[in-house]
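Below is work39.txt, which holds compact mmCIF, C-alpha atoms.
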# COMPACT_ATOMS: atom_id res chain seq x y z
CA MET A 28 92.49 130.06 116.42
CA ILE A 29 90.91 126.62 116.01
CA ASP A 30 90.43 126.31 119.78
CA GLN A 31 88.77 129.74 119.85
CA LEU A 32 86.40 128.67 117.08
CA LEU A 33 85.46 125.50 118.91
CA ALA A 34 84.85 127.33 122.18
CA LEU A 35 82.89 130.20 120.63
CA PHE A 36 80.52 128.04 118.63
CA GLY A 37 80.43 125.04 120.98
CA LEU A 38 81.88 122.72 118.34
CA LYS A 39 83.27 119.23 118.90
CA HIS A 40 85.56 119.79 115.93
CA HIS A 41 85.90 122.18 113.00
CA PRO A 42 83.20 121.00 110.55
CA PHE A 43 85.04 122.23 107.46
CA ALA A 44 88.64 121.41 108.35
CA GLN A 45 90.83 119.11 106.32
CA ARG A 46 91.25 116.71 109.23
CA ILE A 47 87.91 115.36 110.40
CA PRO A 48 87.38 112.47 112.83
CA THR A 49 86.64 109.30 110.88
CA HIS A 50 83.27 108.79 112.55
CA ALA A 51 82.22 112.30 111.45
CA LEU A 52 83.04 111.91 107.76
CA TRP A 53 80.18 112.37 105.30
CA LEU A 54 79.02 109.34 103.33
CA PRO A 55 78.38 110.63 99.80
CA PRO A 56 75.62 109.20 97.60
CA GLY A 57 76.77 106.01 95.91
CA VAL A 58 79.64 105.29 98.29
CA GLU A 59 78.03 102.26 99.95
CA ALA A 60 77.45 100.57 96.60
CA PHE A 61 81.05 101.33 95.61
CA PHE A 62 82.42 99.90 98.86
CA HIS A 63 80.36 96.75 98.36
CA ARG A 64 81.91 96.27 94.92
CA VAL A 65 85.40 96.86 96.36
CA GLU A 66 84.80 94.25 99.08
CA ASN A 67 83.96 91.73 96.37
CA VAL A 68 87.21 92.56 94.57
CA VAL A 69 89.17 91.98 97.79
CA LEU A 70 88.03 88.36 97.73
CA ASP A 71 89.45 87.72 94.25
CA GLY A 72 91.98 90.51 93.65
CA GLY A 73 92.31 92.97 90.81
CA PHE A 74 92.25 96.69 90.12
CA VAL A 75 89.78 99.33 91.34
CA LEU A 76 89.68 102.86 89.92
CA LEU A 77 88.34 106.02 91.56
CA HIS A 78 88.81 109.24 89.61
CA GLY A 79 87.43 112.75 89.24
CA GLU A 80 88.24 116.44 89.24
CA PRO A 81 90.24 117.89 92.17
CA GLY A 82 88.16 118.78 95.22
CA LEU A 83 85.40 116.17 94.95
CA GLY A 84 86.38 114.26 98.09
CA LYS A 85 88.33 111.33 96.60
CA SER A 86 90.86 111.22 99.44
CA LYS A 87 88.10 111.18 102.08
CA ILE A 88 86.45 108.29 100.23
CA LEU A 89 89.78 106.43 100.39
CA HIS A 90 89.95 107.18 104.12
CA LEU A 91 86.49 105.70 104.61
CA MET A 92 87.35 102.75 102.38
CA SER A 93 90.49 101.95 104.36
CA GLU A 94 88.55 101.97 107.63
CA ARG A 95 85.79 99.88 106.08
CA LEU A 96 88.22 97.23 104.80
CA ILE A 97 90.10 97.06 108.10
CA GLY A 98 86.73 96.71 109.80
CA LEU A 99 86.06 93.50 107.87
CA GLY A 100 88.38 91.80 110.35
CA GLY A 101 91.97 91.62 111.45
CA ASP A 102 92.73 89.37 108.50
CA VAL A 103 92.55 92.20 105.95
CA VAL A 104 95.91 93.86 105.31
CA VAL A 105 95.70 97.39 103.87
CA GLY A 106 98.81 99.23 102.68
CA VAL A 107 98.73 102.89 101.62
CA MET A 108 101.48 104.07 99.28
CA GLU A 109 102.70 107.49 100.41
CA TYR A 110 104.80 108.56 97.43
CA PRO A 111 103.33 107.55 94.04
CA PRO A 112 105.99 109.24 91.82
CA SER A 113 108.73 106.95 93.16
CA SER A 114 111.51 105.56 91.01
CA MET A 115 111.40 101.81 90.52
CA SER A 116 113.86 101.17 93.36
CA ASP A 117 111.93 103.38 95.80
CA PHE A 118 108.70 101.77 94.61
CA TYR A 119 110.02 98.37 95.72
CA ARG A 120 111.38 99.80 98.98
CA GLU A 121 107.96 101.19 99.88
CA LEU A 122 106.14 97.97 98.96
CA GLY A 123 108.59 96.07 101.15
CA ASP A 124 107.89 98.41 104.07
CA LEU A 125 104.12 98.19 103.61
CA PHE A 126 103.96 94.41 103.50
CA GLY A 127 106.79 93.57 105.89
CA VAL A 128 109.25 92.18 103.36
CA ASN A 129 112.96 93.02 103.57
CA LEU A 130 113.83 93.91 99.98
CA SER A 131 117.07 94.81 98.24
CA PRO A 132 116.36 97.37 95.48
CA SER A 133 119.40 96.06 93.59
CA ASN A 134 117.75 92.64 93.34
CA ARG A 135 114.44 93.37 91.67
CA TYR A 136 113.68 89.78 90.81
CA GLY A 137 114.33 88.76 94.40
CA GLY A 138 111.94 91.47 95.58
CA PHE A 139 109.37 90.40 93.01
CA LYS A 140 109.46 86.80 94.28
CA ALA A 141 109.49 87.78 97.97
CA LEU A 142 106.43 90.04 97.68
CA ARG A 143 104.43 87.47 95.75
CA GLU A 144 105.31 84.77 98.26
CA ARG A 145 104.20 87.02 101.14
CA TRP A 146 100.91 87.70 99.38
CA ARG A 147 100.34 83.99 98.68
CA GLU A 148 100.92 83.17 102.34
CA HIS A 149 98.43 85.86 103.34
CA ILE A 150 95.79 84.54 100.93
CA GLN A 151 96.22 80.97 102.14
CA ALA A 152 95.87 82.06 105.77
CA THR A 153 92.96 84.51 105.39
CA LEU A 154 91.31 83.96 101.97
CA PHE A 155 91.54 87.76 101.49
CA ARG A 156 93.80 89.48 98.98
CA PRO A 157 96.10 92.13 100.46
CA VAL A 158 94.99 95.66 99.55
CA LEU A 159 97.23 98.43 98.19
CA ILE A 160 95.76 101.96 98.03
CA LEU A 161 97.39 104.64 95.88
CA ASP A 162 96.13 108.22 96.01
CA GLU A 163 97.32 110.70 93.34
CA ALA A 164 98.05 107.67 91.14
CA GLN A 165 98.17 109.88 88.04
CA GLU A 166 101.66 110.86 89.25
CA MET A 167 102.94 107.28 89.18
CA LEU A 168 105.51 106.25 86.57
CA SER A 169 104.08 104.07 83.82
CA ARG A 170 106.72 101.40 84.40
CA CYS A 171 105.76 101.21 88.09
CA LEU A 172 102.09 100.81 87.16
CA THR A 173 103.10 98.04 84.76
CA GLU A 174 105.19 96.44 87.52
CA LEU A 175 102.12 96.42 89.77
CA ARG A 176 100.18 94.58 87.09
CA LEU A 177 102.91 91.97 86.76
CA LEU A 178 103.40 91.61 90.52
CA GLY A 179 99.74 90.88 91.14
CA SER A 180 99.22 88.43 88.29
CA ALA A 181 99.98 84.70 88.57
CA ARG A 182 99.27 81.45 86.72
CA PHE A 183 99.07 83.04 83.28
CA ASP A 184 96.86 85.87 84.55
CA SER A 185 94.28 83.47 85.99
CA ASP A 186 95.07 84.30 89.63
CA CYS A 187 95.28 87.75 91.25
CA LEU A 188 97.48 88.09 94.34
CA LEU A 189 96.69 91.71 95.18
CA THR A 190 93.80 94.18 95.26
CA THR A 191 95.01 97.56 94.03
CA VAL A 192 92.91 100.71 94.45
CA LEU A 193 94.05 103.50 92.12
CA CYS A 194 92.74 107.00 92.80
CA GLY A 195 93.52 110.17 90.89
CA ASP A 196 92.28 112.98 88.70
CA ASN A 197 90.86 112.55 85.21
CA GLN A 198 94.32 112.17 83.70
CA LEU A 199 94.38 108.64 85.13
CA PRO A 200 91.75 106.94 82.93
CA GLU A 201 93.25 108.73 79.92
CA ARG A 202 96.62 107.15 80.69
CA PHE A 203 95.02 103.70 80.63
CA ARG A 204 94.10 104.27 77.00
CA THR A 205 97.76 104.53 75.98
CA LYS A 206 99.48 101.54 74.42
CA GLN A 207 101.79 101.03 77.38
CA LEU A 208 99.06 101.00 80.05
CA ALA A 209 96.11 99.56 78.08
CA PRO A 210 96.79 96.05 79.51
CA LEU A 211 96.28 97.44 83.02
CA GLY A 212 93.24 99.49 82.00
CA SER A 213 91.55 96.39 80.62
CA ARG A 214 91.97 94.67 84.01
CA ILE A 215 90.09 97.27 86.07
CA ARG A 216 87.23 95.34 87.66
CA THR A 217 85.23 98.22 89.11
CA ARG A 218 85.44 101.98 88.78
CA TRP A 219 83.70 105.09 90.09
CA PRO A 220 84.05 108.27 88.00
CA LEU A 221 83.11 111.13 90.32
CA GLU A 222 81.24 114.11 88.92
CA PRO A 223 80.67 117.52 90.55
CA TRP A 224 78.12 116.99 93.30
CA ALA A 225 74.53 118.09 92.83
CA HIS A 226 72.89 120.72 95.04
CA LYS A 227 71.06 118.12 97.15
CA ALA A 228 74.26 116.19 97.89
CA LEU A 229 76.17 119.32 98.96
CA MET A 230 73.29 120.41 101.21
CA SER A 231 73.44 116.96 102.77
CA PHE A 232 77.19 117.44 103.30
CA VAL A 233 76.75 120.79 105.07
CA ASP A 234 73.92 119.51 107.27
CA HIS A 235 75.89 116.39 108.18
CA SER A 236 79.09 118.34 108.90
CA LEU A 237 77.34 120.76 111.26
CA GLU A 238 75.36 117.98 112.95
CA ALA A 239 78.47 115.86 113.49
CA ALA A 240 80.30 118.87 114.93
CA GLY A 241 77.50 119.42 117.44
CA ALA A 242 76.08 122.65 115.97
CA PRO A 243 73.24 121.84 113.54
CA HIS A 244 71.76 125.35 113.83
CA LEU A 245 75.02 127.28 113.44
CA MET A 246 74.12 128.44 109.91
CA THR A 247 70.82 129.66 108.53
CA ASP A 248 69.19 127.71 105.71
CA SER A 249 69.59 130.67 103.35
CA LEU A 250 73.34 130.82 104.05
CA LYS A 251 73.75 127.08 103.42
CA THR A 252 71.85 127.43 100.14
CA THR A 253 74.07 130.34 99.08
CA MET A 254 77.26 128.46 99.95
CA VAL A 255 76.17 125.40 97.99
CA HIS A 256 75.03 127.47 95.01
CA HIS A 257 78.44 129.11 94.67
CA ALA A 258 80.51 125.97 95.32
CA GLY A 259 79.92 124.66 91.81
CA GLY A 260 79.62 121.06 92.97
CA ASN A 261 83.09 121.12 94.56
CA LEU A 262 83.48 119.99 98.17
CA ARG A 263 86.89 121.58 98.63
CA ILE A 264 85.57 124.99 97.61
CA LEU A 265 82.53 124.55 99.84
CA CYS A 266 84.75 123.70 102.82
CA GLY A 267 86.99 126.67 102.06
CA VAL A 268 84.00 128.99 102.13
CA GLY A 269 82.71 127.42 105.34
CA ASP A 270 86.09 127.80 107.03
CA GLU A 271 86.38 131.44 105.99
CA LEU A 272 82.88 132.23 107.22
CA LEU A 273 83.56 130.62 110.59
CA ARG A 274 86.74 132.63 111.05
CA ALA A 275 85.03 135.86 110.03
CA ALA A 276 82.15 135.15 112.44
CA ALA A 277 84.65 134.54 115.25
CA GLU A 278 86.31 137.90 114.59
CA ARG A 279 82.90 139.59 114.75
CA GLU A 280 81.90 137.49 117.79
CA LEU A 281 78.76 136.25 116.05
CA THR A 282 76.98 133.20 117.43
CA ARG A 283 75.03 132.36 114.27
CA LEU A 284 76.07 132.73 110.66
CA ASP A 285 73.69 134.09 108.05
CA GLU A 286 73.67 135.25 104.45
CA LYS A 287 74.51 138.80 105.47
CA LEU A 288 77.96 137.63 106.60
CA TYR A 289 78.52 135.89 103.27
CA LEU A 290 77.60 139.05 101.36
CA GLU A 291 79.90 141.17 103.52
CA ILE A 292 82.86 138.93 102.75
CA TYR A 293 82.28 137.96 99.13
CA SER A 294 80.85 141.23 97.86
CA GLN A 295 84.26 142.85 98.24
CA PRO A 296 85.79 143.99 94.92
CA GLY A 297 87.74 141.28 93.13
CA ARG A 298 86.28 138.40 95.17
CA SER A 299 82.91 137.71 93.58
CA ASN A 300 84.03 134.93 91.25
CA GLU A 301 87.35 133.77 92.64
CA ARG A 302 85.91 130.62 94.22
CA THR A 303 83.34 129.68 91.61
CA PRO A 304 84.18 126.79 89.28
CA ARG A 305 81.91 125.18 86.71
CA ARG A 306 78.55 124.51 88.31
CA ALA A 307 77.23 121.02 88.81
CA LYS A 308 74.05 119.80 87.21
CA GLN A 309 71.19 119.94 89.65
Translate the structure of the given file into structure tokens.
Amino acid sequence: MIDQLLALFGLKHHPFAQRIPTHALWLPPGVEAFFHRVENVVLDGGFVLLHGEPGLGKSKILHLMSERLIGLGGDVVVGVMEYPPSSMSDFYRELGDLFGVNLSPSNRYGGFKALRERWREHIQATLFRPVLILDEAQEMLSRCLTELRLLGSARFDSDCLLTTVLCGDNQLPERFRTKQLAPLGSRIRTRWPLEPWAHKALMSFVDHSLEAAGAPHLMTDSLKTTMVHHAGGNLRILCGVGDELLRAAAERELTRLDEKLYLEIYSQPGRSNERTPRRAKQ
């Protein structure tokens, strides 16, 4: 079906799919300033926090961030933790895999020392702190988050050995207000709390997505406005609507999508409000 869509509309890729080529990803407002702050943290180490409601594009921002940090030069090491809700032993196993350290989960202190030594060697050789990125960090055990704080802190908390980027929903900053995790919360050096995107930002996203896919005129302006209006500031919902419209247009063998198609699909009984969350401020 995807190949049929691409051929019918002359697309380089599906503009609203989950997997988008890195070069075609949208740069949201504020992301460049955030990346600049993160790059400064990489020089000295510490914690970075990105959080917001589901569907605002946090994972795509992490994707862009990872590519940006790697692009600073071959000296920057970026590890991405795949399974945040790990037990403590699996947590150490994954850290060992990410940073090339052979760890024995039964010897936690040995693993603790080995990781810190590897990070010190990296800092001495490159002057950059290694980077660890954790998506869905709200699922991580509190004791593993505490372990990360202890692992990355040296010389009585005067030296950071690791840059840790924590990303998750709005449960995450709330957890850092608890007694157990307040010490970590107080060490967050930069944060970006995402809010539902405004109308102008979402229009920019749609225009960019179609342009990058090679079909800037695939949708009428009125259709794009309608899609954005009903997305409620949520990128995931907007992409879901775009995907459904493309598939419906392919079934009807349309070459351009307009508001009439949207009304045909979403005026059906029981569907008028199923995709509409709280609206963003304009």
So for stretch 187-202 of chain A, what box centre and size do we get, axis-aligned, 6 Å extra on each of the six sides, every listed atom, Å to one decimal, as lines of an AutoDock Vina configuration file?
center_x = 94.2
center_y = 100.4
center_z = 87.6
size_x = 18.6
size_y = 37.2
size_z = 27.3
Discussion item. As a list in words, please: the residues near A:Ile292 (cut-off 9 Å, all atoms listed in the file, same-chain neighbours under 5 positions excluded).
Written reply: Glu271, Leu272, Ala275, Lys287 and Arg298 of chain A
Can I get the selection written as a tab-separated table (two decimals), in the frame of the given file, with C-alpha atoms?
chain	number	residue	atom	x	y	z
A	271	GLU	CA	86.38	131.44	105.99
A	272	LEU	CA	82.88	132.23	107.22
A	275	ALA	CA	85.03	135.86	110.03
A	287	LYS	CA	74.51	138.80	105.47
A	298	ARG	CA	86.28	138.40	95.17
Worksheet item: Within 12 Å of (95.0, 106.8, 89.7), in the coordinates the file gives, what residues turn up when you count all atoms listed in the file, written out as a PyMOL selection string?
Response: chain A and resi 74-80+85-86+89+108+111-112+160-169+172+191-203+208+211-212+215+218-220
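Interatomic distance, atom CA of A:Gly179 against atom CA of A:Gly84: 27.8 Å.
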For A:Met246, work out the shell of residues within 7 Å, counting only C-alpha atoms and skipping chain neighbours fewer than 4 positions away, then give it as a compact mmCIF listing (two decimals) with C-alpha atoms, in the coordinates of the input.
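Saved the output as selection11.txt:
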# COMPACT_ATOMS: atom_id res chain seq x y z
CA LEU A 250 73.34 130.82 104.05
CA LYS A 251 73.75 127.08 103.42
CA ARG A 283 75.03 132.36 114.27
CA LEU A 284 76.07 132.73 110.66
CA ASP A 285 73.69 134.09 108.05
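Atom to atom, atom CA of A:Val255 and atom CA of A:Gly269 stand 10.0 Å apart.
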Worksheet item: For A:Arg216, which of A:Cys187, A:Leu142, A:Leu265, A:Cys171 is the closest residue, counting all atoms listed in the file?
Response: A:Cys187
Item to complete: Compile the contact shell of A:Glu280 as a ChimeraX atom specification: residues with an atom at most 8 Å away, counting all atoms listed in the file, same-chain residues fewer than 3 positions apart removed.
Response: /A:35,276-277
Discussion item. What does the structure give for the distance between atom CA of A:Gly259 and atom CA of A:Tyr289, in Å to one decimal?
Written reply: 16.1 Å
Worksheet entry | A:Ser185, A:Thr173, A:Thr282, A:Thr217 ranked by distance to A:Thr247, top pick (using only C-alpha atoms) |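 Smallest distance to A:Thr247 is found for A:Thr282.
Those residues that approach stretch 48-62 of chain A to within 8 Å, counting only C-alpha atoms, are Arg46, Arg64, Val65, Glu66, Lys87, Ile88, His90, Leu91, Met92, Arg95, Trp219, Ala228, Phe232, His235, Ser236, Ala239 and Ala240 of chain A; same-chain residues fewer than 2 positions away are not listed.
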Using all atoms listed in the file, which protein or nucleic acid residues come within 7 Å of stretch 130-140 of chain A? Drop anything in the same chain fewer than 3 positions from it, and give the result as a short mmCIF file (atom, residue, chain, number, x, y, z; two decimals) with C-alpha atoms, in the frame of the given file.
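Output below, filename part.cif:
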data_model
loop_
_atom_site.label_atom_id
_atom_site.label_comp_id
_atom_site.auth_asym_id
_atom_site.auth_seq_id
_atom_site.Cartn_x
_atom_site.Cartn_y
_atom_site.Cartn_z
CA SER A 116 113.86 101.17 93.36
CA TYR A 119 110.02 98.37 95.72
CA ARG A 120 111.38 99.80 98.98
CA GLY A 123 108.59 96.07 101.15
CA ARG A 143 104.43 87.47 95.75
CA GLU A 144 105.31 84.77 98.26
CA LEU A 178 103.40 91.61 90.52
#
